[in-house]
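Shown next: entry.tsv, containing TSV, C-alpha atoms and all ligand atoms.
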```tsv
chain	number	residue	atom	x	y	z
A	204	VAL	CA	0.00	0.00	0.00
A	205	THR	CA	1.27	3.45	-0.79
A	206	ILE	CA	1.09	7.09	0.23
A	207	LEU	CA	-1.53	9.06	-1.70
A	208	CYS	CA	-0.94	12.62	-2.96
A	209	TYR	CA	-3.76	15.12	-3.56
A	210	HIS	CA	-3.53	18.82	-4.38
A	211	ALA	CA	-6.69	21.00	-4.35
A	212	VAL	CA	-10.13	19.71	-3.29
A	213	GLN	CA	-12.66	21.89	-5.08
A	214	GLU	CA	-14.86	21.86	-8.14
A	215	GLY	CA	-12.60	21.35	-11.13
A	216	TRP	CA	-11.36	23.91	-13.60
A	217	GLY	CA	-10.13	21.22	-15.98
A	218	SER	CA	-6.82	20.81	-14.16
A	219	ALA	CA	-5.13	17.64	-13.00
A	220	LEU	CA	-4.55	19.41	-9.68
A	221	THR	CA	-8.04	19.19	-8.24
A	222	VAL	CA	-10.43	16.53	-7.00
A	223	ALA	CA	-14.12	17.44	-6.53
A	224	PRO	CA	-15.27	17.60	-2.90
A	225	ALA	CA	-17.90	14.90	-3.51
A	226	ASP	CA	-15.26	12.56	-4.97
A	227	PHE	CA	-12.94	13.29	-2.06
A	228	GLY	CA	-15.73	12.47	0.37
A	229	ALA	CA	-16.27	9.15	-1.38
A	230	HIS	CA	-12.53	8.43	-1.26
A	231	CYS	CA	-12.48	9.10	2.49
A	232	ARG	CA	-15.48	6.84	3.10
A	233	TRP	CA	-13.83	4.04	1.13
A	234	LEU	CA	-10.41	4.48	2.73
A	235	ALA	CA	-11.93	4.51	6.24
A	236	ALA	CA	-13.72	1.23	5.51
A	237	HIS	CA	-11.01	-0.62	3.60
A	238	ARG	CA	-7.63	0.81	4.57
A	239	GLU	CA	-5.70	1.66	7.71
A	240	VAL	CA	-4.98	5.36	7.19
A	241	VAL	CA	-2.12	6.41	9.47
A	242	PRO	CA	-0.24	9.66	10.14
A	243	LEU	CA	2.76	10.12	7.85
A	244	ALA	CA	5.11	9.77	10.85
A	245	ASP	CA	3.72	6.26	11.44
A	246	ALA	CA	3.83	5.44	7.76
A	247	VAL	CA	7.54	6.25	7.35
A	248	SER	CA	8.42	3.98	10.25
A	249	HIS	CA	6.65	1.07	8.49
A	250	LEU	CA	8.05	1.44	4.96
A	251	ASP	CA	9.55	-1.77	3.60
A	252	ALA	CA	12.79	-2.14	1.65
A	253	ARG	CA	10.95	-1.11	-1.52
A	254	TRP	CA	9.43	1.95	0.22
A	255	ARG	CA	5.93	0.46	0.32
A	256	LEU	CA	3.61	0.25	3.32
A	257	PRO	CA	2.60	-3.11	4.82
A	258	GLY	CA	-0.87	-4.62	4.89
A	259	ARG	CA	-3.71	-2.17	4.40
A	260	MET	CA	-1.71	0.80	5.68
A	261	THR	CA	-1.84	4.03	3.70
A	262	ALA	CA	-1.37	7.76	4.29
A	263	ILE	CA	-3.04	10.83	2.78
A	264	THR	CA	-1.02	13.88	1.73
A	265	PHE	CA	-1.81	17.19	-0.01
A	266	ASP	CA	0.76	19.27	-1.91
A	267	ASP	CA	0.84	23.08	-2.30
A	268	GLY	CA	-1.16	24.09	0.81
A	269	PHE	CA	-4.31	25.23	-0.98
A	270	ARG	CA	-7.06	26.74	1.16
A	271	SER	CA	-9.53	24.24	-0.31
A	272	VAL	CA	-7.94	21.61	1.94
A	273	TYR	CA	-9.20	23.58	4.92
A	274	GLU	CA	-12.51	24.53	3.32
A	275	ASN	CA	-13.47	21.24	1.68
A	276	ALA	CA	-11.21	18.36	2.71
A	277	LEU	CA	-10.93	18.83	6.45
A	278	ARG	CA	-14.57	18.06	7.25
A	279	GLU	CA	-14.42	14.80	5.27
A	280	LEU	CA	-11.17	13.78	6.96
A	281	ALA	CA	-12.68	14.63	10.36
A	282	ARG	CA	-15.96	12.83	9.60
A	283	HIS	CA	-14.07	9.60	8.95
A	284	GLY	CA	-11.33	10.16	11.52
A	285	LEU	CA	-8.56	10.12	8.90
A	286	PRO	CA	-5.14	11.69	9.57
A	287	ALA	CA	-3.42	13.59	6.76
A	288	THR	CA	-0.40	15.77	5.98
A	289	VAL	CA	-0.32	19.06	4.07
A	290	PHE	CA	2.90	20.18	2.35
A	291	VAL	CA	2.98	23.98	2.37
A	292	VAL	CA	4.88	26.50	0.20
A	293	THR	CA	6.12	28.68	3.05
A	294	GLY	CA	6.81	31.74	0.88
A	295	THR	CA	3.01	32.13	0.76
A	296	LEU	CA	3.12	32.75	4.53
A	297	THR	CA	6.01	35.22	4.54
A	298	GLY	CA	4.84	37.20	1.52
A	299	GLU	CA	7.79	36.14	-0.62
A	300	ARG	CA	5.50	33.98	-2.78
A	301	PRO	CA	2.20	35.87	-2.44
A	302	THR	CA	0.37	34.36	-5.41
A	303	VAL	CA	0.09	30.84	-6.71
A	304	ASP	CA	1.94	31.27	-9.99
A	305	TRP	CA	3.44	27.79	-10.14
A	306	VAL	CA	0.35	26.02	-11.46
A	307	ASP	CA	0.51	25.19	-15.17
A	308	ASP	CA	-3.21	25.63	-15.81
A	309	PRO	CA	-4.60	27.96	-13.11
A	310	PRO	CA	-8.33	28.54	-12.64
A	311	PRO	CA	-9.91	31.92	-13.54
A	312	THR	CA	-9.92	32.91	-9.85
A	313	PRO	CA	-6.42	32.68	-8.35
A	314	LEU	CA	-5.96	29.72	-6.01
A	315	ALA	CA	-5.95	30.73	-2.35
A	316	THR	CA	-3.41	29.24	0.02
A	317	LEU	CA	-3.65	28.45	3.71
A	318	ASP	CA	-2.78	31.24	6.13
A	319	SER	CA	-1.01	30.78	9.47
A	320	GLY	CA	-4.26	30.59	11.43
A	321	GLU	CA	-5.64	27.87	9.15
A	322	LEU	CA	-2.40	25.88	9.42
A	323	LEU	CA	-2.60	25.99	13.21
A	324	ALA	CA	-6.29	25.01	13.06
A	325	LEU	CA	-5.43	22.08	10.77
A	326	GLU	CA	-2.75	20.82	13.16
A	327	GLU	CA	-5.20	21.21	16.03
A	328	ALA	CA	-7.61	19.02	14.03
A	329	GLY	CA	-5.00	16.29	13.52
A	330	VAL	CA	-3.57	17.30	10.14
A	331	THR	CA	0.24	17.44	10.08
A	332	ILE	CA	1.86	20.45	8.41
A	333	ALA	CA	5.07	19.87	6.44
A	334	SER	CA	7.23	21.65	3.87
A	335	HIS	CA	6.82	21.90	0.10
A	336	GLY	CA	9.82	24.21	-0.20
A	337	HIS	CA	9.89	27.97	0.35
A	338	THR	CA	9.27	29.16	-3.21
A	339	HIS	CA	8.06	26.09	-5.16
A	340	ARG	CA	10.96	26.56	-7.55
A	341	VAL	CA	11.96	23.29	-9.17
A	342	LEU	CA	14.87	22.26	-6.97
A	343	THR	CA	16.82	20.47	-9.68
A	344	SER	CA	17.19	23.86	-11.43
A	345	LEU	CA	18.86	25.51	-8.41
A	346	SER	CA	22.47	25.51	-7.30
A	347	ASP	CA	23.32	23.32	-4.30
A	348	GLU	CA	23.36	26.38	-2.04
A	349	GLU	CA	20.11	27.85	-3.39
A	350	CYS	CA	18.40	24.51	-3.00
A	351	GLU	CA	19.57	24.00	0.56
A	352	ARG	CA	18.67	27.61	1.45
A	353	ASP	CA	15.15	27.25	0.01
A	354	LEU	CA	14.52	24.02	1.90
A	355	ARG	CA	16.09	25.22	5.16
A	356	ARG	CA	14.16	28.50	5.13
A	357	SER	CA	10.91	26.59	4.62
A	358	ARG	CA	11.62	24.31	7.57
A	359	GLU	CA	12.51	27.26	9.79
A	360	VAL	CA	9.35	29.21	8.90
A	361	LEU	CA	7.19	26.21	9.80
A	362	GLU	CA	9.11	25.38	12.96
A	363	ASP	CA	8.70	28.99	14.15
A	364	LEU	CA	4.97	28.75	13.49
A	365	MET	CA	4.29	25.25	14.82
A	366	HIS	CA	6.81	25.23	17.68
A	367	ARG	CA	7.96	21.71	16.83
A	368	THR	CA	10.43	20.06	14.48
A	369	VAL	CA	9.37	19.66	10.84
A	370	PRO	CA	10.94	16.44	9.52
A	371	PHE	CA	9.06	16.10	6.20
A	372	VAL	CA	9.38	17.83	2.84
A	373	ALA	CA	7.72	17.07	-0.51
A	374	TYR	CA	9.68	18.18	-3.57
A	375	PRO	CA	7.90	20.75	-5.77
A	376	ARG	CA	6.61	18.89	-8.86
A	377	GLY	CA	8.21	15.80	-7.37
A	378	GLU	CA	11.48	16.78	-9.07
A	379	HIS	CA	14.69	15.62	-7.43
A	380	ASN	CA	18.14	14.28	-8.15
A	381	ALA	CA	21.14	13.25	-6.03
A	382	ARG	CA	22.08	16.92	-5.38
A	383	VAL	CA	18.54	17.80	-4.26
A	384	ARG	CA	18.30	14.74	-2.01
A	385	ALA	CA	21.61	15.63	-0.35
A	386	ALA	CA	20.45	19.26	0.08
A	387	ALA	CA	17.21	18.07	1.75
A	388	GLU	CA	19.26	16.10	4.26
A	389	ARG	CA	21.64	19.03	4.91
A	390	ALA	CA	18.61	21.34	5.31
A	391	GLY	CA	17.55	19.27	8.31
A	392	TYR	CA	14.79	16.99	7.04
A	393	SER	CA	14.49	13.31	7.93
A	394	TYR	CA	12.29	12.27	4.98
A	395	ALA	CA	11.51	13.74	1.58
A	396	PHE	CA	8.64	12.70	-0.70
A	397	SER	CA	8.53	12.35	-4.44
A	398	LEU	CA	5.80	11.73	-7.01
A	399	PRO	CA	7.36	9.32	-9.51
A	400	GLU	CA	6.12	9.34	-13.07
A	401	GLY	CA	8.46	6.51	-14.00
A	402	PRO	CA	11.44	4.58	-12.68
A	403	GLU	CA	13.22	6.67	-10.05
A	404	PRO	CA	15.65	6.04	-7.23
A	405	THR	CA	13.90	5.62	-3.86
A	406	SER	CA	15.31	6.34	-0.41
A	407	ALA	CA	14.41	8.17	2.78
A	408	TYR	CA	14.97	11.31	0.67
A	409	ALA	CA	12.80	10.06	-2.20
A	410	VAL	CA	9.83	8.26	-0.65
A	411	PRO	CA	7.42	7.62	-3.52
A	412	ARG	CA	3.77	8.68	-3.46
A	413	ILE	CA	0.94	8.09	-5.90
A	414	GLY	CA	-1.00	11.06	-7.28
A	415	VAL	CA	-4.80	11.17	-7.17
A	416	PHE	CA	-6.39	13.06	-10.04
A	417	PRO	CA	-9.79	14.40	-11.10
A	418	GLY	CA	-12.20	11.72	-12.13
A	419	ASN	CA	-10.46	9.13	-9.99
A	420	GLY	CA	-13.34	7.26	-8.40
A	421	VAL	CA	-13.37	4.85	-5.51
A	422	ARG	CA	-12.21	2.11	-7.86
A	423	SER	CA	-9.06	4.11	-8.65
A	424	ILE	CA	-8.40	4.68	-4.96
A	425	ALA	CA	-8.81	0.96	-4.34
A	426	LEU	CA	-6.27	0.27	-7.06
A	427	LYS	CA	-3.84	3.06	-6.23
A	428	SER	CA	-3.69	2.21	-2.55
A	429	ARG	CA	-2.83	-1.42	-3.31
A	430	ARG	CA	0.66	-2.61	-2.45
A	431	GLU	CA	1.15	-3.84	-6.01
A	432	TYR	CA	0.34	-0.49	-7.61
A	433	LEU	CA	3.52	1.44	-6.89
A	434	PRO	CA	5.91	-0.92	-8.71
A	435	VAL	CA	3.47	-0.92	-11.64
A	436	ARG	CA	3.13	2.86	-11.66
A	437	THR	CA	6.89	3.34	-11.64
A	438	SER	CA	7.68	0.65	-14.19
A	439	ARG	CA	8.78	1.36	-17.73
A	440	ALA	CA	5.71	-0.50	-18.96
A	441	TYR	CA	3.29	1.87	-17.25
A	442	PRO	CA	2.43	4.01	-20.29
A	443	TRP	CA	1.06	0.84	-21.88
A	444	LEU	CA	-0.40	-0.63	-18.71
A	445	ARG	CA	-2.34	2.53	-18.02
A	446	LEU	CA	-4.37	1.89	-21.13
A	447	VAL	CA	-5.52	-1.29	-19.44
A	448	LEU	CA	-5.94	0.11	-15.95
A	449	LYS	CA	-9.12	2.06	-16.63
A	450	GLY	CA	-9.81	4.73	-14.04
A	451	ALA	CA	-6.15	5.09	-13.18
A	452	ARG	CA	-5.64	7.83	-15.74
A	453	PRO	CA	-2.63	10.01	-14.91
A	454	PRO	CA	-2.40	13.61	-16.07
A	455	SER	CA	-0.78	14.27	-19.42
A	456	ARG	CA	2.09	16.07	-17.73
A	457	ARG	CA	3.80	16.43	-14.41
A	458	VAL	CA	1.87	18.39	-11.84
A	459	GLY	CA	2.57	20.46	-8.73
B	1	ZN	ZN	3.49	21.56	-5.71
```
Taking this structure as input, can you express it in the form of structure tokens?
Amino acid sequence: VTILCYHAVQEGWGSALTVAPADFGAHCRWLAAHREVVPLADAVSHLDARWRLPGRMTAITFDDGFRSVYENALRELARHGLPATVFVVTGTLTGERPTVDWVDDPPPTPLATLDSGELLALEEAGVTIASHGHTHRVLTSLSDEECERDLRRSREVLEDLMHRTVPFVAYPRGEHNARVRAAAERAGYSYAFSLPEGPEPTSAYAVPRIGVFPGNGVRSIALKSRREYLPVRTSRAYPWLRLVLKGARPPSRRVG
């Protein structure tokens, strides 16, 4: 079983980044009945040698820190007693990244991000807050120092806000390489999360997750949260297999 990755939870604007609230509610109902959804901290301590979770264990994560997680996802998580983690672009909190300009196909109304009060309320409600970098720049495009600085600053902003250590980071767009993984470790994280679109190295600094996309129904969640799915999703044969795996449609390009 694997770690799931969502982005926004709101009515779609034709983007791969959002899941409709009604679909998300159905996912939560199914996961609560059929899976053991655990906090990410528990999940990482149970990963096997191939970075998969045992038994029916899974974890729910959200990238980008969109306000729709607070407005639309939280009540469904709470209703079913499901823990989750939100990876936040901390420049949105400090004003250095005031608008969401990293989405390839933004909606007509700019996407709102979580403010400090909402982050604290989410943690209070059992949702873990973690880092998605400070600026959402693609880390592989930065120098070693820029990359480390971006990741370290993000961790420090969150630790100041939450008054606890922040051990988790998810790479913007899932992009990483050996330099980025080393920078994440130097920046003080214990685990970093990726979003593989194909064969990729895996380690504590590249823990793979599976993206959930619009139109993914309960059947897709059942499939994607299966232990067998991750090796399939990251295999070279996936572009052909996906034609067979109806309902597991990935986006046509990499997403946030
Ligand atoms: Zn992102």
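Our summary of the geometry notes that atom CA of Glu279 of chain A is positioned 18.9 Å from atom CA of Met260 of chain A.
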Report as CSV the residues of chain A within 10 Å of ligand ZN 1 (chain B), each with its shortest atom pair and distance in Å (one decimal), using all atoms listed in the file, ordered by chain and increasing residue number.
```
residue,atom,partner,partner_atom,distance
A:Tyr209,CA,B:ZN1,ZN,9.9
A:His210,CA,B:ZN1,ZN,7.7
A:Leu220,CA,B:ZN1,ZN,9.2
A:Phe265,CA,B:ZN1,ZN,8.9
A:Asp266,CA,B:ZN1,ZN,5.2
A:Asp267,CA,B:ZN1,ZN,4.6
A:Gly268,CA,B:ZN1,ZN,8.4
A:Phe269,CA,B:ZN1,ZN,9.8
A:Phe290,CA,B:ZN1,ZN,8.2
A:Val291,CA,B:ZN1,ZN,8.5
A:Val292,CA,B:ZN1,ZN,7.8
A:Val303,CA,B:ZN1,ZN,9.9
A:Trp305,CA,B:ZN1,ZN,7.6
A:Val306,CA,B:ZN1,ZN,7.9
A:His335,CA,B:ZN1,ZN,6.7
A:Gly336,CA,B:ZN1,ZN,8.8
A:Thr338,CA,B:ZN1,ZN,9.9
A:His339,CA,B:ZN1,ZN,6.5
A:Arg340,CA,B:ZN1,ZN,9.2
A:Val341,CA,B:ZN1,ZN,9.3
A:Ala373,CA,B:ZN1,ZN,8.1
A:Tyr374,CA,B:ZN1,ZN,7.4
A:Pro375,CA,B:ZN1,ZN,4.5
A:Arg376,CA,B:ZN1,ZN,5.2
A:Gly377,CA,B:ZN1,ZN,7.6
A:Glu378,CA,B:ZN1,ZN,9.9
A:Val458,CA,B:ZN1,ZN,7.1
A:Gly459,CA,B:ZN1,ZN,3.3
```
Can I get the selected residues back with C-alpha atoms, as a PDB file, in the frame of the given file?
```
ATOM      1  CA  TYR A 209      -3.760  15.120  -3.560  1.00  0.00           C
ATOM      2  CA  HIS A 210      -3.530  18.820  -4.380  1.00  0.00           C
ATOM      3  CA  LEU A 220      -4.550  19.410  -9.680  1.00  0.00           C
ATOM      4  CA  PHE A 265      -1.810  17.190  -0.010  1.00  0.00           C
ATOM      5  CA  ASP A 266       0.760  19.270  -1.910  1.00  0.00           C
ATOM      6  CA  ASP A 267       0.840  23.080  -2.300  1.00  0.00           C
ATOM      7  CA  GLY A 268      -1.160  24.090   0.810  1.00  0.00           C
ATOM      8  CA  PHE A 269      -4.310  25.230  -0.980  1.00  0.00           C
ATOM      9  CA  PHE A 290       2.900  20.180   2.350  1.00  0.00           C
ATOM     10  CA  VAL A 291       2.980  23.980   2.370  1.00  0.00           C
ATOM     11  CA  VAL A 292       4.880  26.500   0.200  1.00  0.00           C
ATOM     12  CA  VAL A 303       0.090  30.840  -6.710  1.00  0.00           C
ATOM     13  CA  TRP A 305       3.440  27.790 -10.140  1.00  0.00           C
ATOM     14  CA  VAL A 306       0.350  26.020 -11.460  1.00  0.00           C
ATOM     15  CA  HIS A 335       6.820  21.900   0.100  1.00  0.00           C
ATOM     16  CA  GLY A 336       9.820  24.210  -0.200  1.00  0.00           C
ATOM     17  CA  THR A 338       9.270  29.160  -3.210  1.00  0.00           C
ATOM     18  CA  HIS A 339       8.060  26.090  -5.160  1.00  0.00           C
ATOM     19  CA  ARG A 340      10.960  26.560  -7.550  1.00  0.00           C
ATOM     20  CA  VAL A 341      11.960  23.290  -9.170  1.00  0.00           C
ATOM     21  CA  ALA A 373       7.720  17.070  -0.510  1.00  0.00           C
ATOM     22  CA  TYR A 374       9.680  18.180  -3.570  1.00  0.00           C
ATOM     23  CA  PRO A 375       7.900  20.750  -5.770  1.00  0.00           C
ATOM     24  CA  ARG A 376       6.610  18.890  -8.860  1.00  0.00           C
ATOM     25  CA  GLY A 377       8.210  15.800  -7.370  1.00  0.00           C
ATOM     26  CA  GLU A 378      11.480  16.780  -9.070  1.00  0.00           C
ATOM     27  CA  VAL A 458       1.870  18.390 -11.840  1.00  0.00           C
ATOM     28  CA  GLY A 459       2.570  20.460  -8.730  1.00  0.00           C
TER      29      GLY A 459
END
```
Kindly give the distance, in Å, that separates atom CA of Glu403 of chain A and atom CA of Ala244 of chain A, rounded to a single decimal.
22.6 Å
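Interatomic distance, atom CA of Asp226 of chain A against atom CA of Gly420 of chain A: 6.6 Å.
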Long-range neighbours of Val241 of chain A as a list in words, 9 Å cut-off, all atoms listed in the file, 5 positions minimum in chain
Ala246, Met260, Thr261, Ala262, Ile263, Leu285, Pro286 and Ala287 of chain A
Using all atoms listed in the file, which residues sit within 12 Å of Ser397 of chain A once same-chain residues fewer than 2 positions away are excluded, as a ChimeraX atom specification?
/A:206-208,254,264,266,290,335,371-380,383-384,394-395,399-414,437,457-459
Store the residues picked out above, limited to C-alpha atoms, as a compact mmCIF listing (two decimals), in the coordinates of the input.
```txt
# COMPACT_ATOMS: atom_id res chain seq x y z
CA ILE A 206 1.09 7.09 0.23
CA LEU A 207 -1.53 9.06 -1.70
CA CYS A 208 -0.94 12.62 -2.96
CA TRP A 254 9.43 1.95 0.22
CA THR A 264 -1.02 13.88 1.73
CA ASP A 266 0.76 19.27 -1.91
CA PHE A 290 2.90 20.18 2.35
CA HIS A 335 6.82 21.90 0.10
CA PHE A 371 9.06 16.10 6.20
CA VAL A 372 9.38 17.83 2.84
CA ALA A 373 7.72 17.07 -0.51
CA TYR A 374 9.68 18.18 -3.57
CA PRO A 375 7.90 20.75 -5.77
CA ARG A 376 6.61 18.89 -8.86
CA GLY A 377 8.21 15.80 -7.37
CA GLU A 378 11.48 16.78 -9.07
CA HIS A 379 14.69 15.62 -7.43
CA ASN A 380 18.14 14.28 -8.15
CA VAL A 383 18.54 17.80 -4.26
CA ARG A 384 18.30 14.74 -2.01
CA TYR A 394 12.29 12.27 4.98
CA ALA A 395 11.51 13.74 1.58
CA PRO A 399 7.36 9.32 -9.51
CA GLU A 400 6.12 9.34 -13.07
CA GLY A 401 8.46 6.51 -14.00
CA PRO A 402 11.44 4.58 -12.68
CA GLU A 403 13.22 6.67 -10.05
CA PRO A 404 15.65 6.04 -7.23
CA THR A 405 13.90 5.62 -3.86
CA SER A 406 15.31 6.34 -0.41
CA ALA A 407 14.41 8.17 2.78
CA TYR A 408 14.97 11.31 0.67
CA ALA A 409 12.80 10.06 -2.20
CA VAL A 410 9.83 8.26 -0.65
CA PRO A 411 7.42 7.62 -3.52
CA ARG A 412 3.77 8.68 -3.46
CA ILE A 413 0.94 8.09 -5.90
CA GLY A 414 -1.00 11.06 -7.28
CA THR A 437 6.89 3.34 -11.64
CA ARG A 457 3.80 16.43 -14.41
CA VAL A 458 1.87 18.39 -11.84
CA GLY A 459 2.57 20.46 -8.73
```
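Closest approach to Arg232 of chain A among A:Asp363, A:Ala386, A:Val421, A:Thr368: A:Val421, based on only C-alpha atoms.
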Need to verify the contact set: segment 222-225 of chain A, 7 Å, only C-alpha atoms, exclusion of same-chain residues closer than 3 positions in sequence. Can you return it as a ChimeraX atom specification?
/A:211-215,228-229,275-276,416-417
Based on the selection just made, write C-alpha atoms of those residues as a PDB file, in the frame of the given file.
```pdb
ATOM      1  CA  ALA A 211      -6.690  21.000  -4.350  1.00  0.00           C
ATOM      2  CA  VAL A 212     -10.130  19.710  -3.290  1.00  0.00           C
ATOM      3  CA  GLN A 213     -12.660  21.890  -5.080  1.00  0.00           C
ATOM      4  CA  GLU A 214     -14.860  21.860  -8.140  1.00  0.00           C
ATOM      5  CA  GLY A 215     -12.600  21.350 -11.130  1.00  0.00           C
ATOM      6  CA  GLY A 228     -15.730  12.470   0.370  1.00  0.00           C
ATOM      7  CA  ALA A 229     -16.270   9.150  -1.380  1.00  0.00           C
ATOM      8  CA  ASN A 275     -13.470  21.240   1.680  1.00  0.00           C
ATOM      9  CA  ALA A 276     -11.210  18.360   2.710  1.00  0.00           C
ATOM     10  CA  PHE A 416      -6.390  13.060 -10.040  1.00  0.00           C
ATOM     11  CA  PRO A 417      -9.790  14.400 -11.100  1.00  0.00           C
TER      12      PRO A 417
END
```
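When all atoms listed in the file are used to compute distances to Glu359 of chain A, the closest of the residues A:Ile424, A:Leu323, A:Ala385, A:Ala390 turns out to be A:Ala390.
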Near Pro257 of chain A, counting all atoms listed in the file, which residues have an atom at most 8 Å away, once you skip same-chain residues fewer than 5 positions from it, shown as a count of residues only?
5
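Closest to Val330 of chain A among A:Leu256, A:Val415, A:Ala381, A:Ala281 is A:Ala281, based on only C-alpha atoms.
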Of A:Gly418, A:Gly258, A:Gly391, A:Gly320, the one nearest to Leu296 of chain A when counting all atoms listed in the file is A:Gly320
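Distance check against Thr316 of chain A using only C-alpha atoms: of A:Thr221, A:Thr297, A:Ser271, A:Thr331, the minimum falls on A:Ser271.
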